[in-house]
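Here is the structure we will look at, set down as structure tokens.
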Amino acid sequence: MQLGSIDTIVAEIAEETRTHTHRGKVADYIPPLACVPDSKFGIAVVLHDGSVHTAGDAEEPFSIQSISKVFALTLALGAVGDQLWRRVGREPSGTAFNSIVQLETEHGIPRNPFINAGAIVVCDVLLGRLQPREAIGQMLRFVRTVAGDETIAIDEAVARAEQDTGFRNMALANYMRAFGNVHAPVELVLGTYFHFCALSMSCRQLALAGRYLMDDGRADGHSVISARRARRINALMMSCGHYDNSGDFAYRIGLPGKSGVGGGILAVAPGIASIAVWSPGLNPSGNSHLGQLALERLVHRTGWSVFEPRGG
Ligand code: GLU
């Protein structure tokens with residue numbers, strides 16, 4: 001792909017989405033998120049050669065929310081390896097991001113690390129070796145390193161708002177504690193989880209942070225994780241990255257991706273590009289409505305779906 005043409009494509013996608021009237025619904029169950037205008041739209045594409053291509057509000061930080069579950073999974077696998085899979089599954093849930101229903105019949109073992117219950121267990125695993133403050137510091141260092149950007153920060157107001165209103169997450173954590181699958185005190189596990197969700201990043205920073213998933217575990221030529229682990233995380237993003245909308249996302253876009261209720265999506269075209277989009281209006285499953293549409297257009301115009309024959 002010519003560099004000029006990817007610039008044109010992202011600019012055209014940003015322009016197309018600007019005029020859309022159906023923009024989805026901004027999440028309001030976390031009060032600070034409700035104030036974000038639904039007119040925002042950003043896109044950033046980092047190609048394998050390291051070049052960055054952006055359009056729209058790509059430099060504006062937003063709450064990455066559940067996209068942080070990808071980074072938390074990476075850290076937990078680094079800490080305990082495959083032992084993690086004794087406590088969390090690797091199957092799509094087919095239920096909402098904050099659902100509690102499966103936990104009863106499945107004995108407190110969440111279906112995957114990308115639903116809330118799964119990410120709460122992932123945080124508990126990290127707290128098996130670290131204090132909450134250390135785990136939050138480790139997360140911040142990790143995203144700053146993989147993005148190559150020391151300015152990335154956690155929005156304390158968002159973390160506090162989640163602490164004040166996260167009753168469902170409290171229920172999930174307490175329920176799993178009753179099954180013995182949360183070990184640390186629930187308030188410490190959730191405090192860590194909420195701080196991860198409250199990471200504030202722009203599309204540019206997020207796309208840069210996703211390079212290690214695009215490039216077989218490497219970012220900027222440095223090894224972050226093994227190639228095998230990067231491929232496996234991508235597989236989970238493809239099958240479980242969009243809650244009960246994961247099958248539809250794979251069908252329409254054909255890329256590993258992870259969404260957050262802040263309206264961001266990180267998508268990975270392995271060996272080709274790391275992509276971040278942001279539009280705060282959500283579809284009923286809690287995924288960015290225009291973000292998905294933008295990725296669908298991008299993949300259509302570039303042929304980046306993992307199912308597209310690469311020739312040879
Ligand atoms: N912090 C949000 C919650 O726990 C994350 C949900 C999401 O982004 O999907 O409810």
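For the structure tokens, the naming scheme is as follows: chains receive sequential letters (A, B, ...) according to their order of presentation, residues are indexed from 1 within each chain, and ligands are indexed from 1 in presentation order.
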
Output the neighbourhood of ligand 1 as a ChimeraX atom specification, that is, all protein and nucleic acid residues with some atom at most 9 Å from the ligand, counting only C-alpha atoms and all ligand atoms.
/A:29-30,63-69,96-98,114-117,119-120,158-159,162,166,168-169,193-198,242-243,259-264,285-287

Produce a file of the selected residues containing N, CA and C atoms, as a short mmCIF file (atom, residue, chain, number, x, y, z; two decimals), in the first residue's frame.
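Writing done, so here's result.cif:
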data_model
loop_
_atom_site.label_atom_id
_atom_site.label_comp_id
_atom_site.auth_asym_id
_atom_site.auth_seq_id
_atom_site.Cartn_x
_atom_site.Cartn_y
_atom_site.Cartn_z
N TYR A 29 -23.59 5.24 32.28
CA TYR A 29 -23.59 4.62 33.61
C TYR A 29 -22.30 4.93 34.38
N ILE A 30 -21.29 5.46 33.67
CA ILE A 30 -20.10 6.00 34.35
C ILE A 30 -20.17 7.52 34.12
N SER A 63 -11.25 7.73 27.45
CA SER A 63 -11.17 6.64 28.43
C SER A 63 -11.15 5.30 27.69
N ILE A 64 -10.04 4.56 27.82
CA ILE A 64 -9.96 3.34 26.99
C ILE A 64 -10.80 2.21 27.56
N GLN A 65 -11.20 2.31 28.83
CA GLN A 65 -12.09 1.32 29.44
C GLN A 65 -11.62 -0.12 29.17
N SER A 66 -12.48 -0.92 28.55
CA SER A 66 -12.17 -2.36 28.46
C SER A 66 -11.05 -2.71 27.50
N ILE A 67 -10.57 -1.74 26.73
CA ILE A 67 -9.41 -2.06 25.89
C ILE A 67 -8.22 -2.39 26.80
N SER A 68 -8.25 -1.82 28.02
CA SER A 68 -7.17 -2.11 28.98
C SER A 68 -7.12 -3.60 29.32
N LYS A 69 -8.21 -4.34 29.07
CA LYS A 69 -8.23 -5.77 29.40
C LYS A 69 -7.19 -6.54 28.57
N ALA A 96 -23.67 -10.17 27.86
CA ALA A 96 -23.23 -8.77 27.98
C ALA A 96 -21.90 -8.67 28.74
N PHE A 97 -21.23 -7.52 28.56
CA PHE A 97 -19.91 -7.33 29.15
C PHE A 97 -19.90 -7.47 30.67
N ASN A 98 -21.06 -7.13 31.30
CA ASN A 98 -21.10 -7.13 32.76
C ASN A 98 -22.04 -8.20 33.29
N PHE A 114 -11.84 -10.99 28.61
CA PHE A 114 -12.25 -9.71 28.03
C PHE A 114 -13.66 -9.29 28.43
N ILE A 115 -14.35 -10.11 29.24
CA ILE A 115 -15.58 -9.63 29.88
C ILE A 115 -15.19 -9.13 31.27
N ASN A 116 -16.07 -8.37 31.90
CA ASN A 116 -15.68 -7.77 33.18
C ASN A 116 -15.23 -8.81 34.21
N ALA A 117 -16.04 -9.90 34.33
CA ALA A 117 -15.70 -10.91 35.35
C ALA A 117 -14.30 -11.46 35.09
N ALA A 119 -11.76 -10.02 33.52
CA ALA A 119 -10.72 -9.02 33.79
C ALA A 119 -10.54 -8.81 35.29
N ILE A 120 -11.61 -8.98 36.05
CA ILE A 120 -11.49 -8.85 37.51
C ILE A 120 -10.60 -9.99 38.05
N VAL A 158 -12.37 9.45 36.55
CA VAL A 158 -13.10 8.30 35.99
C VAL A 158 -12.98 7.11 36.94
N ALA A 159 -11.78 6.86 37.45
CA ALA A 159 -11.59 5.73 38.37
C ALA A 159 -12.49 5.89 39.60
N GLU A 162 -16.16 5.26 38.79
CA GLU A 162 -16.45 3.82 38.67
C GLU A 162 -16.54 3.17 40.05
N GLY A 166 -19.92 1.40 40.51
CA GLY A 166 -19.71 0.07 39.89
C GLY A 166 -20.35 -1.09 40.65
N ARG A 168 -22.45 -3.43 39.79
CA ARG A 168 -22.46 -4.74 39.12
C ARG A 168 -21.08 -5.38 39.21
N ASN A 169 -20.04 -4.56 39.03
CA ASN A 169 -18.69 -5.12 39.14
C ASN A 169 -18.43 -5.61 40.57
N TYR A 193 -8.79 -2.76 39.07
CA TYR A 193 -9.55 -2.89 37.81
C TYR A 193 -10.05 -1.53 37.32
N PHE A 194 -10.60 -0.73 38.21
CA PHE A 194 -11.15 0.58 37.81
C PHE A 194 -10.03 1.52 37.32
N HIS A 195 -8.86 1.44 37.96
CA HIS A 195 -7.76 2.29 37.50
C HIS A 195 -7.27 1.86 36.11
N PHE A 196 -7.27 0.56 35.85
CA PHE A 196 -6.89 0.11 34.50
C PHE A 196 -7.89 0.67 33.48
N CYS A 197 -9.20 0.54 33.79
CA CYS A 197 -10.24 1.01 32.85
C CYS A 197 -10.13 2.52 32.62
N ALA A 198 -9.62 3.24 33.64
CA ALA A 198 -9.59 4.71 33.57
C ALA A 198 -8.35 5.24 32.84
N HIS A 242 -15.52 -8.41 21.58
CA HIS A 242 -16.66 -7.49 21.50
C HIS A 242 -17.91 -8.04 22.19
N TYR A 243 -17.68 -8.73 23.32
CA TYR A 243 -18.81 -9.24 24.12
C TYR A 243 -19.74 -10.09 23.27
N SER A 259 -12.91 -3.65 22.17
CA SER A 259 -13.64 -2.40 22.34
C SER A 259 -13.69 -1.99 23.81
N GLY A 260 -14.10 -0.74 24.04
CA GLY A 260 -14.34 -0.26 25.40
C GLY A 260 -15.56 0.65 25.38
N VAL A 261 -16.23 0.79 26.52
CA VAL A 261 -17.44 1.62 26.54
C VAL A 261 -17.15 3.12 26.43
N GLY A 262 -15.87 3.50 26.43
CA GLY A 262 -15.51 4.89 26.11
C GLY A 262 -15.65 5.17 24.62
N GLY A 263 -15.88 4.12 23.83
CA GLY A 263 -16.08 4.29 22.38
C GLY A 263 -14.84 4.00 21.56
N GLY A 264 -13.79 3.50 22.20
CA GLY A 264 -12.57 3.16 21.47
C GLY A 264 -12.59 1.71 21.01
N SER A 285 -24.68 -3.47 22.31
CA SER A 285 -23.75 -4.37 23.02
C SER A 285 -22.61 -3.62 23.70
N GLY A 286 -22.60 -2.27 23.57
CA GLY A 286 -21.57 -1.49 24.25
C GLY A 286 -20.31 -1.29 23.41
N ASN A 287 -20.43 -1.45 22.09
CA ASN A 287 -19.28 -1.25 21.20
C ASN A 287 -19.52 -0.01 20.34
#

List every residue of stretch 95-202 of chain A that DSSP, applied to the backbone of this structure, assigns to helix (DSSP H, G or I), and report them as a ChimeraX atom specification.
/A:101-105,116-127,132-147,156-165,167-178,186-197

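Atom to atom, atom CA of A:Asp244 and atom CA of A:Gln102 stand 13.0 Å apart.
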
Each residue of stretch 131-151 of chain A lying at most 12 Å from stretch 224-237 of chain A should get a row with its shortest atom-to-atom pair and the distance in Å to one decimal, counting only C-alpha atoms; could you produce that, ordered by chain and increasing number, as JSON lines?
{"residue": "A:Phe142", "atom": "CA", "partner": "A:Val224", "partner_atom": "CA", "distance": 9.5}
{"residue": "A:Val143", "atom": "CA", "partner": "A:Val224", "partner_atom": "CA", "distance": 11.2}
{"residue": "A:Thr145", "atom": "CA", "partner": "A:Val224", "partner_atom": "CA", "distance": 9.4}
{"residue": "A:Val146", "atom": "CA", "partner": "A:Val224", "partner_atom": "CA", "distance": 7.8}
{"residue": "A:Ala147", "atom": "CA", "partner": "A:Val224", "partner_atom": "CA", "distance": 11.5}

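Restricting the calculation to only C-alpha atoms, the smallest distance between A:Gly81 and any of A:Val125, A:Ala44, A:Ile154, A:Ile109 is found for A:Val125.
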